[in-house]
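Data file: input_28.tsv. Format and content: TSV, C-alpha atoms.
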```tsv
chain	number	residue	atom	x	y	z
A	1	MET	CA	-4.35	-29.33	67.92
A	2	ALA	CA	-5.21	-27.73	64.69
A	3	ALA	CA	-2.51	-28.48	62.16
A	4	ASN	CA	-2.63	-24.98	60.69
A	5	ASN	CA	-2.07	-23.17	63.98
A	6	GLN	CA	0.51	-24.44	66.43
A	7	VAL	CA	2.28	-22.68	69.26
A	8	VAL	CA	4.79	-24.03	71.74
A	9	LEU	CA	5.93	-21.82	74.59
A	10	ILE	CA	8.21	-22.31	77.54
A	11	GLY	CA	8.05	-19.85	80.38
A	12	ARG	CA	7.21	-19.17	83.98
A	13	ALA	CA	3.72	-18.77	85.35
A	14	GLY	CA	2.94	-15.22	86.48
A	15	ASN	CA	-0.10	-16.15	88.54
A	16	ASN	CA	-1.41	-18.85	90.80
A	17	VAL	CA	-3.72	-20.60	88.38
A	18	ALA	CA	-6.20	-21.54	91.10
A	19	GLU	CA	-6.96	-17.84	91.51
A	20	ASP	CA	-7.70	-17.45	87.81
A	21	THR	CA	-10.02	-20.35	87.26
A	22	ARG	CA	-13.64	-19.83	86.37
A	23	HIS	CA	-16.50	-22.27	86.56
A	24	LEU	CA	-19.04	-21.49	83.86
A	25	GLN	CA	-22.76	-22.08	84.12
A	26	SER	CA	-22.46	-24.76	81.48
A	27	GLY	CA	-20.30	-26.71	83.91
A	28	SER	CA	-17.07	-26.10	82.01
A	29	ILE	CA	-13.94	-24.95	83.73
A	30	VAL	CA	-11.60	-22.34	82.26
A	31	ALA	CA	-8.18	-21.74	83.74
A	32	GLU	CA	-5.79	-19.03	82.66
A	33	VAL	CA	-2.09	-18.83	83.16
A	34	ARG	CA	-0.06	-15.79	82.20
A	35	LEU	CA	3.22	-17.06	80.91
A	36	ALA	CA	6.42	-15.01	81.06
A	37	VAL	CA	8.41	-16.04	78.01
A	38	ASN	CA	11.89	-14.60	77.74
A	39	ARG	CA	13.14	-13.22	74.46
A	40	PRO	CA	16.50	-14.48	73.29
A	41	GLY	CA	18.38	-11.18	73.41
A	42	LYS	CA	18.63	-8.36	75.89
A	43	ASP	CA	17.72	-4.73	75.45
A	44	GLN	CA	20.26	-1.91	75.34
A	45	ALA	CA	20.27	-1.62	79.12
A	46	GLY	CA	21.12	-5.32	79.41
A	47	ASN	CA	17.73	-6.37	80.75
A	48	THR	CA	16.02	-9.56	79.72
A	49	GLN	CA	12.93	-8.83	77.70
A	50	THR	CA	9.82	-10.81	78.40
A	51	ASP	CA	6.58	-11.46	76.58
A	52	TRP	CA	3.57	-12.02	78.82
A	53	ILE	CA	1.29	-14.41	77.03
A	54	THR	CA	-2.14	-15.46	78.23
A	55	CYS	CA	-2.86	-19.16	77.88
A	56	GLN	CA	-6.33	-20.53	78.39
A	57	PHE	CA	-7.13	-24.13	79.23
A	58	TRP	CA	-10.49	-25.86	79.37
A	59	SER	CA	-12.03	-28.82	81.13
A	60	LYS	CA	-9.67	-31.58	82.24
A	61	GLN	CA	-6.49	-29.71	81.43
A	62	ALA	CA	-7.85	-26.67	83.27
A	63	GLU	CA	-8.43	-28.74	86.36
A	64	ILE	CA	-4.93	-30.15	86.33
A	65	LEU	CA	-3.40	-26.76	85.64
A	66	LYS	CA	-5.39	-25.21	88.45
A	67	GLU	CA	-4.29	-27.85	90.84
A	68	TYR	CA	-0.57	-27.86	90.17
A	69	VAL	CA	0.64	-24.66	88.58
A	70	LYS	CA	1.70	-21.89	90.92
A	71	LYS	CA	3.30	-18.54	90.33
A	72	GLY	CA	6.91	-18.94	89.28
A	73	ASP	CA	6.62	-22.49	87.97
A	74	LEU	CA	8.39	-23.31	84.73
A	75	ILE	CA	6.05	-24.95	82.25
A	76	SER	CA	5.73	-25.62	78.57
A	77	VAL	CA	2.44	-25.07	76.81
A	78	SER	CA	1.32	-26.26	73.41
A	79	GLY	CA	-1.81	-25.13	71.66
A	80	SER	CA	-3.04	-22.69	69.10
A	81	MET	CA	-3.25	-18.95	68.91
A	82	ARG	CA	-6.70	-17.47	69.00
A	83	VAL	CA	-8.46	-14.14	68.85
A	84	ASP	CA	-11.89	-13.61	70.35
A	85	ASN	CA	-13.84	-10.58	69.17
A	86	TRP	CA	-16.93	-9.20	70.82
A	87	GLU	CA	-18.81	-6.02	71.37
A	88	THR	CA	-19.52	-4.41	74.70
A	89	PRO	CA	-23.11	-3.38	75.45
A	90	GLU	CA	-21.94	0.18	74.66
A	91	GLY	CA	-21.02	-0.94	71.17
A	92	GLU	CA	-17.26	-0.86	71.64
A	93	LYS	CA	-15.30	-3.51	69.81
A	94	ARG	CA	-13.00	-5.61	71.94
A	95	SER	CA	-10.66	-8.41	71.18
A	96	LYS	CA	-8.65	-10.76	73.24
A	97	VAL	CA	-5.65	-12.64	71.90
A	98	TYR	CA	-4.53	-15.74	73.73
A	99	VAL	CA	-3.14	-19.20	73.35
A	100	HIS	CA	-5.78	-21.89	73.46
A	101	GLY	CA	-3.79	-24.48	75.38
A	102	GLU	CA	-4.10	-28.14	74.46
A	103	ASN	CA	-1.47	-29.48	76.73
A	104	PHE	CA	1.12	-28.44	79.23
A	105	GLN	CA	4.05	-29.95	81.00
A	106	MET	CA	5.80	-29.08	84.22
A	107	LEU	CA	9.48	-28.60	83.50
A	108	GLU	CA	11.05	-28.42	86.93
A	109	SER	CA	11.99	-31.31	89.11
A	110	ARG	CA	10.64	-31.09	92.61
A	111	ARG	CA	14.13	-30.52	93.92
A	112	ALA	CA	14.79	-27.67	91.53
A	113	LYS	CA	11.52	-26.13	92.57
A	114	GLU	CA	12.29	-26.44	96.25
A	115	GLU	CA	15.70	-24.89	95.74
A	116	ARG	CA	14.13	-22.04	93.82
A	117	MET	CA	11.53	-21.49	96.51
A	118	ALA	CA	14.21	-21.47	99.17
A	119	SER	CA	16.56	-19.10	97.40
A	120	GLU	CA	13.98	-16.65	96.12
A	121	GLY	CA	11.43	-16.72	98.83
A	122	GLY	CA	8.97	-18.11	96.32
A	123	GLY	CA	8.65	-15.04	94.15
A	124	TYR	CA	9.05	-14.90	90.44
A	125	SER	CA	12.63	-14.00	89.64
A	126	GLY	CA	12.19	-12.72	86.14
A	127	GLY	CA	15.47	-14.38	85.37
A	128	GLY	CA	16.54	-17.25	83.21
A	129	TYR	CA	15.82	-20.89	83.59
A	130	SER	CA	17.74	-23.15	85.88
A	131	GLY	CA	19.76	-24.91	83.24
A	132	GLY	CA	19.80	-28.67	83.24
A	133	ASN	CA	17.27	-29.08	85.99
A	134	SER	CA	14.37	-29.67	83.70
A	135	SER	CA	13.76	-33.35	84.22
A	136	ASN	CA	10.52	-33.38	82.34
A	137	TYR	CA	7.92	-35.38	84.10
A	138	THR	CA	4.41	-34.84	82.94
A	139	ARG	CA	1.94	-34.18	85.63
A	140	SER	CA	-0.79	-33.86	83.10
A	141	SER	CA	-0.75	-37.53	82.20
A	142	ALA	CA	0.37	-39.08	85.46
A	143	PRO	CA	-1.69	-38.94	88.62
A	144	ALA	CA	1.29	-37.02	89.94
A	145	PRO	CA	1.59	-38.23	93.49
A	146	GLN	CA	4.70	-36.16	94.04
A	147	ALA	CA	3.12	-32.98	92.79
A	148	ALA	CA	0.53	-32.63	95.47
A	149	PRO	CA	2.59	-31.58	98.49
A	150	ALA	CA	2.09	-27.92	98.96
A	151	MET	CA	5.49	-27.85	100.53
A	152	ALA	CA	6.20	-24.18	100.15
A	153	PRO	CA	2.77	-22.78	99.63
A	154	ALA	CA	1.40	-19.31	99.76
A	155	ALA	CA	3.33	-17.94	102.71
A	156	PRO	CA	6.71	-17.38	101.08
A	157	MET	CA	4.96	-16.04	97.99
A	158	ALA	CA	3.38	-13.32	100.01
A	159	ALA	CA	6.78	-12.49	101.36
A	160	ALA	CA	8.23	-12.12	97.89
A	161	PRO	CA	10.16	-8.94	97.25
A	162	ALA	CA	7.87	-6.08	96.41
A	163	ALA	CA	9.64	-5.52	93.14
A	164	SER	CA	8.97	-8.95	91.78
A	165	ALA	CA	5.38	-8.86	92.93
A	166	ARG	CA	4.91	-5.61	91.09
A	167	LEU	CA	6.50	-7.04	87.99
A	168	VAL	CA	3.75	-9.58	87.81
A	169	ASP	CA	0.98	-7.25	88.87
A	170	ASP	CA	1.83	-4.83	86.12
A	171	PHE	CA	0.55	-7.31	83.65
A	172	SER	CA	-2.17	-8.90	85.62
A	173	ASP	CA	-5.41	-7.10	85.01
A	174	ASP	CA	-5.54	-6.43	81.32
A	175	PHE	CA	-9.02	-7.74	81.06
A	176	MET	CA	-11.81	-6.74	83.33
A	177	ASP	CA	-14.15	-9.47	84.36
A	178	ASP	CA	-17.05	-7.72	82.71
A	179	GLU	CA	-15.17	-7.66	79.42
A	180	LEU	CA	-15.06	-11.38	79.05
A	181	PRO	CA	-16.15	-12.70	75.71
A	182	PRO	CA	-19.41	-14.61	75.46
A	183	PHE	CA	-18.69	-18.31	75.48
B	1	MET	CA	13.67	-18.52	66.19
B	2	SER	CA	14.08	-18.91	69.89
B	3	SER	CA	13.49	-22.42	71.10
B	4	ASN	CA	11.23	-21.42	73.97
B	5	ASN	CA	8.73	-19.65	71.76
B	6	GLN	CA	7.71	-21.17	68.46
B	7	ILE	CA	4.67	-20.72	66.34
B	8	VAL	CA	3.62	-22.02	62.95
B	9	LEU	CA	0.53	-20.75	61.18
B	10	ILE	CA	-1.10	-21.53	57.86
B	11	GLY	CA	-3.61	-19.10	56.48
B	12	ARG	CA	-4.57	-16.62	53.81
B	13	VAL	CA	-3.18	-13.13	53.59
B	14	GLY	CA	-5.80	-10.45	54.24
B	15	ASN	CA	-3.96	-7.39	52.98
B	16	GLU	CA	-1.69	-6.45	50.10
B	17	PRO	CA	1.83	-6.71	51.56
B	18	GLN	CA	3.39	-4.49	48.92
B	19	SER	CA	1.34	-1.50	49.99
B	20	ASP	CA	2.10	-2.04	53.67
B	21	VAL	CA	5.89	-1.98	53.64
B	22	ARG	CA	7.33	0.61	55.99
B	23	GLU	CA	10.88	1.84	55.77
B	24	LEU	CA	12.19	2.97	59.10
B	25	SER	CA	14.62	5.77	59.65
B	26	GLY	CA	17.37	3.33	60.59
B	27	GLY	CA	17.16	1.76	57.14
B	28	ASN	CA	15.17	-1.25	58.29
B	29	LYS	CA	12.13	-2.46	56.45
B	30	VAL	CA	9.11	-4.01	58.06
B	31	VAL	CA	5.90	-5.35	56.60
B	32	GLU	CA	2.90	-6.44	58.60
B	33	ILE	CA	0.35	-8.84	57.21
B	34	ARG	CA	-2.91	-10.06	58.63
B	35	LEU	CA	-3.33	-13.77	58.32
B	36	ALA	CA	-6.75	-15.45	58.33
B	37	VAL	CA	-6.32	-18.77	60.10
B	38	ASN	CA	-9.32	-21.07	60.18
B	39	ARG	CA	-10.27	-22.89	63.35
B	40	PRO	CA	-10.77	-26.63	63.01
B	41	SER	CA	-14.43	-26.64	63.99
B	42	LYS	CA	-17.43	-24.54	63.07
B	43	ASP	CA	-19.51	-22.53	65.47
B	44	SER	CA	-23.02	-23.42	66.60
B	45	GLN	CA	-24.54	-21.88	63.46
B	46	GLY	CA	-22.27	-23.93	61.22
B	47	LYS	CA	-20.14	-20.95	60.29
B	48	GLN	CA	-16.41	-21.20	59.73
B	49	GLN	CA	-14.51	-19.44	62.51
B	50	THR	CA	-11.38	-17.53	61.68
B	51	ASP	CA	-8.64	-15.99	63.75
B	52	TRP	CA	-7.02	-12.90	62.26
B	53	LEU	CA	-3.41	-12.83	63.36
B	54	SER	CA	-0.86	-10.22	62.60
B	55	CYS	CA	2.63	-11.21	61.42
B	56	LYS	CA	5.63	-8.91	61.10
B	57	PHE	CA	8.47	-9.54	58.67
B	58	TRP	CA	11.71	-7.59	58.70
B	59	ASN	CA	14.25	-6.64	56.06
B	60	ARG	CA	15.11	-9.46	53.66
B	61	GLN	CA	12.00	-11.47	54.50
B	62	ALA	CA	9.90	-8.32	54.16
B	63	GLU	CA	11.32	-7.74	50.70
B	64	ILE	CA	10.68	-11.27	49.50
B	65	LEU	CA	7.21	-11.27	50.99
B	66	SER	CA	6.20	-8.00	49.40
B	67	ASP	CA	7.60	-9.14	46.05
B	68	TYR	CA	5.80	-12.44	45.86
B	69	VAL	CA	2.85	-12.57	48.22
B	70	HIS	CA	-0.47	-10.96	47.48
B	71	LYS	CA	-3.78	-10.61	49.19
B	72	GLY	CA	-5.60	-13.93	49.29
B	73	ASP	CA	-2.50	-16.10	48.95
B	74	LEU	CA	-2.16	-19.14	51.16
B	75	ILE	CA	1.10	-19.13	53.09
B	76	SER	CA	2.68	-20.71	56.12
B	77	VAL	CA	4.55	-18.55	58.59
B	78	SER	CA	6.95	-19.59	61.31
B	79	GLY	CA	8.34	-17.42	64.04
B	80	SER	CA	7.82	-16.40	67.65
B	81	LEU	CA	4.81	-15.02	69.44
B	82	ARG	CA	5.46	-11.51	70.73
B	83	VAL	CA	3.50	-9.12	72.89
B	84	ASP	CA	4.12	-5.40	72.99
B	85	SER	CA	2.64	-3.72	76.04
B	86	TRP	CA	2.14	-0.05	76.66
B	87	GLU	CA	-0.11	2.28	78.53
B	88	LYS	CA	-2.54	4.70	76.93
B	89	GLU	CA	-4.69	7.07	78.93
B	90	GLY	CA	-4.17	4.95	82.00
B	91	HIS	CA	-5.26	1.73	80.28
B	92	LYS	CA	-2.86	-1.11	79.66
B	93	ARG	CA	-2.79	-2.17	76.05
B	94	ASN	CA	-1.34	-5.27	74.50
B	95	SER	CA	-0.53	-6.02	70.94
B	96	TYR	CA	0.08	-9.64	70.03
B	97	TYR	CA	1.88	-10.47	66.81
B	98	ILE	CA	4.08	-13.07	65.25
B	99	LEU	CA	7.66	-12.02	64.71
B	100	ALA	CA	8.16	-14.05	61.57
B	101	ASP	CA	11.41	-15.79	60.73
B	102	ASN	CA	10.26	-17.45	57.61
B	103	PHE	CA	7.37	-18.06	55.31
B	104	GLN	CA	6.49	-20.38	52.53
B	105	MET	CA	3.96	-20.04	49.76
B	106	LEU	CA	1.50	-22.88	49.58
B	107	GLY	CA	-0.59	-24.03	46.67
B	108	GLY	CA	-0.73	-22.80	43.11
B	109	LYS	CA	1.81	-22.94	40.31
B	110	LYS	CA	3.89	-19.99	41.36
B	111	GLN	CA	5.10	-21.76	44.45
B	112	ILE	CA	8.37	-20.47	45.80
B	113	ILE	CA	10.26	-21.10	48.96
B	114	ALA	CA	11.62	-18.12	50.76
B	115	ALA	CA	15.12	-18.82	51.93
```
Let me see whether you can do it: turn the structure in this file into structure tokens.
Amino acid sequence: MAANNQVVLIGRAGNNVAEDTRHLQSGSIVAEVRLAVNRPGKDQAGNTQTDWITCQFWSKQAEILKEYVKKGDLISVSGSMRVDNWETPEGEKRSKVYVHGENFQMLESRRAKEERMASEGGGYSGGGYSGGNSSNYTRSSAPAPQAAPAMAPAAPMAAAPAASARLVDDFSDDFMDDELPPF
Amino acid sequence: MSSNNQIVLIGRVGNEPQSDVRELSGGNKVVEIRLAVNRPSKDSQGKQQTDWLSCKFWNRQAEILSDYVHKGDLISVSGSLRVDSWEKEGHKRNSYYILADNFQMLGGKKQIIAA
């Protein structure tokens, strides 16, 4: 990680990373996770405020992220902040700001995750973190045998309350596929 | 600085902070600077790549910054990464910036530390 540009974020994934992974012609893999990072205070109406931050991972880390990180998962990401600038064929200037992820860590124990899935029907709650449950095991360095079971996979996610699904969708398609920067 | 969102940047200031101070109606002051942060590696043509990142300082920090920091100065900034989202003509827009807690001047004789 560049020493002059360091970011560390903790938040919940707003997308299933597997659905936002691209395989480039060069053979590289790029995975994106949109991270919901809560602000410390609340707004006047008493709602938690959230920053949705795009984090991009490449190669090995992208593969691991794609495999294990699902919508709603609590993760920490470290990396650096980047801006890509490019011009559309029509001559319009575009830029994309994102976190170039170096590393990530899953922050929920399997039990905490199962409990969350059970109580919320798998959807993203938009709420706070489940306190002391973050027994940090790193799936990125371990082969992660326990991570693989897709115990509560897509079905309960689909059944998530409409409101929480919309919350995520509101922020999902900021960048059209044809607006991607040249790599 | 919230512990779930921390950022530290080192770069050169791309605008003159003093001329970009805004005083809001509520009495708050805010100054926004654009920081040129070099990437560690060069691109395929051997050119230095730079990310231009915007940093916002409020009130006391804004005052100190605008008093001491000038265009071209090397500084470090710490704070949180923020995203403001809004909709304009049906398109979703995002603005990423660093909500700065603190900065420090780096290099040169006139080094000061902003408290």
Practice task
With a cut-off of 6 Å and counting all atoms listed in the file, select all residues of chain A in contact with chain B and give the selection as a ChimeraX atom specification.
Solution key: /A:2,4-10,51,82-83
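Residues in contact with region 65-70 of chain B at 6 Å, where all atoms listed in the file are counted and same-chain residues fewer than 2 positions away are skipped, are listed as Glu16, Pro17, Gln18, Gln61, Ala62, Glu63 and Asp73 of chain B.
With CA of Leu74 (chain B) on one side and CA of Cys55 (chain B) on the other, the separation reads 13.8 Å.
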Problem - Nearby residues (all atoms listed in the file) at most 8 Å from Leu65 (chain A), same-chain spacing under 4 positions excluded, as a PyMOL selection string - result: chain A and resi 17+31+57+61+69+140
What's around Glu32 (chain A) at 10 Å? Count only C-alpha atoms, leave out sequence neighbours fewer than 5 positions away in its own chain, and write the answer as a compact mmCIF listing (two decimals) with C-alpha atoms, in the coordinates of the input.
```txt
# COMPACT_ATOMS: atom_id res chain seq x y z
CA ALA A 13 3.72 -18.77 85.35
CA ASN A 15 -0.10 -16.15 88.54
CA ASN A 16 -1.41 -18.85 90.80
CA VAL A 17 -3.72 -20.60 88.38
CA ALA A 18 -6.20 -21.54 91.10
CA GLU A 19 -6.96 -17.84 91.51
CA ASP A 20 -7.70 -17.45 87.81
CA THR A 21 -10.02 -20.35 87.26
CA ARG A 22 -13.64 -19.83 86.37
CA THR A 54 -2.14 -15.46 78.23
CA CYS A 55 -2.86 -19.16 77.88
CA GLN A 56 -6.33 -20.53 78.39
CA PHE A 57 -7.13 -24.13 79.23
CA TRP A 58 -10.49 -25.86 79.37
CA ALA A 62 -7.85 -26.67 83.27
CA LEU A 65 -3.40 -26.76 85.64
CA LYS A 66 -5.39 -25.21 88.45
CA TYR A 98 -4.53 -15.74 73.73
CA VAL A 99 -3.14 -19.20 73.35
CA HIS A 100 -5.78 -21.89 73.46
CA GLY A 101 -3.79 -24.48 75.38
```
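Straight-line separation from CA of Asp101 (chain B) to CA of Asn59 (chain B): 10.7 Å.
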Practice task
Determine, counting all atoms listed in the file, which protein, DNA and RNA residues have an atom within 10 Å of an atom of Asp20 (chain B); residues of the same chain fewer than 6 positions away are not included. Present the result as a count of residues only.
Solution key: 5
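With only C-alpha atoms as the basis for measurement, B:Leu35 is the residue among B:Ile64, B:Leu24, B:Leu35, B:Leu106 that approaches Arg12 (chain B) most closely.
From CA of Arg34 (chain A) back to CA of Arg110 (chain A), the distance works out to 21.4 Å.
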Specify the axis-aligned box that encloses all atoms of region 19-33 of chain B listed in the file after padding of 6 Å on each side, stating its centre and edge lengths in Å to one decimal as AutoDock Vina command-line options.
```
--center_x 8.9 --center_y -1.5 --center_z 55.3 --size_x 29.0 --size_y 26.6 --size_z 22.6
```
Completion exercise
Of A:Ala36, A:Ser59, A:Gln49, A:Ser119, the one sitting nearest Leu24 (chain A) when using only C-alpha atoms is A:Ser59
